[in-house]
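Before any comments, here is the structure.
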Amino acid sequence: MRPYTAADIEAWDLTADVVIAGYGVAGAAAAVEAARAGAEVLVLERAGGWGGAAALAGGFVYLGGGTALQRACGFDDSPEAMAAFLMAAMGPGADQAKVSAYCEGSVAHYDWLVECGVPFKPVFYGEPAWEPAADEGLMYSGGENAHPFDEIAPPAPRGHLPQMENKRTGERGGGYMLMKPLVDTAERLGVEARYGMRIERLVVERDGTVCGVVARTYGERVTVRARRGVVLATGGFTYDEEMLAAHAPRLLGRAGAAVEEHDGIAVKLAQALGAGVAHMDACEVALPMDPQYLIRGMVVNDQGQRFINEDTYPGRIGQAALFQQDDQTFLVLDEEGFEEARRVSAAPEFLQPRPAWVCASASGLAAEMGLPPGALEATLDVYNRHAENGRDPLLHKAARWVRPLRGPLGAVDLRGMTAGFALGGLATGADGEVLHVDGSPIPGLYAAGRATAGIAAWGYASGISLGDGSFFGRRAGRAAARKR
């Protein structure tokens, strides 16, 4: 992982002003802006085509502050309200400077995406869900309208979803319709892309300035010179088991909500130059279940106790289940709630759960689940007593979703269901410059996307990765294009 010096390179196989490693959303945004700044741009992509994890994602871009889409759907928002929510929701250690820059520039970033050809349908989807049922363009995607965030900042939906007909999540969904216009724009600007090209070393001048990379393609070594700068946009480290074991061991053995190319190469290469990192233990944890089921029941731990309001962002429930409850959690529903959820759900079948246990009484259900005697019964009694009046004074679930659970009860086993990805990565400045452990920029080296510690620290909302990857990818591309 240690860098080569320029003197080690006998000849350069390829040369460009700006060399970008990775052609996901951060790399594509960086390529567009570097090219618009007048740089000759070369993108090296390890896979056989562009897209990365972004093209396979649902496609949410977290934007706000009063975008044209928000206004068209009848919602008011401000950069201040957006920043207040993000500073609360992104967890301990959220970067104030990055959050402020992102919120202040969010409207302009939305306009930039539209200018690049990304389509957004001005229709709001108001049901709890992982993503809209069809091609609606706006929905709540972070629990902004749930406790406690609805008391911290005025709620506004900020999940902006590119429009796509006949979408197929995981194959060709909203993420594809985000990526294709960006790549098309980059190609029109003259950006060159080389595929099947995996970077393996950085190259530095005598003074430590990064001036290129060494890559490998089909077993052959390729030397690539960067006249102005190198941008690392190769994704996170979710698929590197050694890095997970060292930094985020709770993700080991779980499904990774990422792609195999997320092997931490950018972090390793930059650390070999003394780069700092942040939030390496932080993870997003997805609970693969339609929220229509969660909101109608009680999520309890192995002591039969509730621990979170079920109407919040389901990723927040997943984080709490894994990190606070040791992955020992269950969803308790009654027959009415289960049947109603199945009737209204527009989610794929794999997101619609089946109860592992069904009993006529709470005590019988608790016994089958192996919960302490009386615990689930007490939790249900307190919940129902207040639900009679449409209230949840313990955890503040919205009154719309609060009603007593009666009759036959079922429980869904949530243990082992969660999938996740690492949130930590390289420490970067507001313009994507990679920061040394002493806080100074490493000359010639930039990074964006999941390879970096972005807006999300120990919290998340759907759309943050694509939002901050594209936003700070643009900044990194512009910064790298500036001739030294």
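Chain lettering (A, B, ...) mirrors the order of the structure tokens, residue numbering begins at 1 for each chain separately, and ligand numbering begins at 1 in order of display.
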
Exercise for the section: Quick one: everything within 6 Å of Ala39 in chain A, counting only C-alpha atoms, minus sequence neighbours fewer than 4 positions away in the same chain. Send it as an MDAnalysis selection string. Expected result: chainID A and resid 17 34:35 481

Taking N, CA and C atoms for each residue, export the selection above as an mmCIF file, in the first residue's frame.
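Result saved to part.cif:
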```cif
data_model
loop_
_atom_site.group_PDB
_atom_site.id
_atom_site.type_symbol
_atom_site.label_atom_id
_atom_site.label_comp_id
_atom_site.auth_asym_id
_atom_site.auth_seq_id
_atom_site.Cartn_x
_atom_site.Cartn_y
_atom_site.Cartn_z
ATOM 1 N N ASP A 17 -5.112 15.513 -16.694
ATOM 2 C CA ASP A 17 -5.017 16.542 -15.654
ATOM 3 C C ASP A 17 -5.539 16.005 -14.326
ATOM 4 N N ALA A 34 -14.854 18.650 -12.893
ATOM 5 C CA ALA A 34 -13.459 18.832 -13.308
ATOM 6 C C ALA A 34 -13.385 19.174 -14.787
ATOM 7 N N ALA A 35 -14.198 18.490 -15.591
ATOM 8 C CA ALA A 35 -14.214 18.768 -17.026
ATOM 9 C C ALA A 35 -14.743 20.170 -17.301
ATOM 10 N N ALA A 481 -9.137 20.148 -10.254
ATOM 11 C CA ALA A 481 -8.885 20.731 -11.567
ATOM 12 C C ALA A 481 -8.095 22.037 -11.498
#
```

Exercise for the section: Determine which residues of range 59-91 of chain A DSSP labels as helix (DSSP H, G or I) from the backbone of this structure, then write them out as a count of residues only. Expected result: 16

Fill in the blank from the handout: Using only C-alpha atoms, the shortest atom-to-atom distance to Leu232 in chain A among A:Met87, A:Ile265, A:Val41, A:Val277 belongs to A:Ile265

Fill in the blank from the handout: Closest of A:Ile20, A:Val224, A:Leu426, A:Val344 to Ala133 in chain A, counting only C-alpha atoms, is A:Val344

Practice task
Point out the residue among A:Gly190, A:Pro155, A:Pro128, A:Pro372 with the least atom-to-atom distance to Ile295 in chain A, counting only C-alpha atoms.
Solution key: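 Answer, going by the shortest atom-to-atom distance: A:Pro128.
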
Practice task
Would you mind writing down, as a PyMOL selection string, each residue of range 7-178 of chain A that DSSP on the backbone assigns to strand (DSSP E or B)?
Solution key: chain A and resi 14-21+41-45+61-62+120+124+138-139+159-160+162+168+172

Problem - Nearest to Val114 in chain A by atom-to-atom distance, counting only C-alpha atoms, from A:Ala367, A:Arg227, A:Leu178, A:Gln325 - result: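 Between A:Ala367, A:Arg227, A:Leu178, A:Gln325, the residue approaching Val114 in chain A most closely is A:Leu178.
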
Exercise for the section: Please provide as a PyMOL selection string all residues within 8 Å of Gly159 in chain A, with the sequence filter that same-chain residues fewer than 3 positions apart are discarded (counting only C-alpha atoms). Expected result: chain A and resi 60-63+137-142+462-463

Exercise for the section: Would you kindly return, as a PyMOL selection string, each protein, DNA or RNA residue with an atom no farther than 12 Å from any atom of Leu252 in chain A, considering only C-alpha atoms and excluding same-chain residues fewer than 2 positions away? Expected result: chain A and resi 237-250+254-256+283+416+418-422

Exercise for the section: Within 8 Å of Asp311 in chain A, counting only C-alpha atoms, which residues show up once you throw out same-chain ones fewer than 4 positions away? Write them as a PyMOL selection string, please. Expected result: chain A and resi 143+146+291+294-295+397-398+401

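Ranking A:Leu161, A:Ala347, A:Ala29, A:Leu189 by their shortest atom-to-atom distance to Lys121 in chain A, with only C-alpha atoms included, puts A:Leu161 first.
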
Practice task
Give me the residues within 10 Å of Gly173 in chain A as a list in words, counting only C-alpha atoms and dropping any in the same chain fewer than 3 places off.
Solution key: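 Residues near the query, excluding close chain neighbours: Ala54, Ala55, Leu56, Ala57, Gly58, Gly59, Asp135, Leu161, Pro162, Gln163, Met164, Glu165, Asn166, Lys167, Arg168, Thr169, Gly170, Tyr176, Met177 and Leu178 of chain A.
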
Closest atom pairs, range 294-370 of chain A residues within 12 Å of range 385-388 of chain A, only C-alpha atoms, as JSON lines:
```
{"residue": "A:Arg296", "atom": "CA", "partner": "A:Ala387", "partner_atom": "CA", "distance": 11.7}
{"residue": "A:Gly297", "atom": "CA", "partner": "A:Ala387", "partner_atom": "CA", "distance": 11.6}
{"residue": "A:Met298", "atom": "CA", "partner": "A:Ala387", "partner_atom": "CA", "distance": 11.8}
```

Exercise for the section: Considering only C-alpha atoms, state which residue in the set A:Gly315, A:Gly304, A:Gly432, A:Pro441 is at the smallest distance from Asp381 in chain A. Expected result: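 The shortest atom-to-atom distance to Asp381 in chain A comes from A:Gly304.
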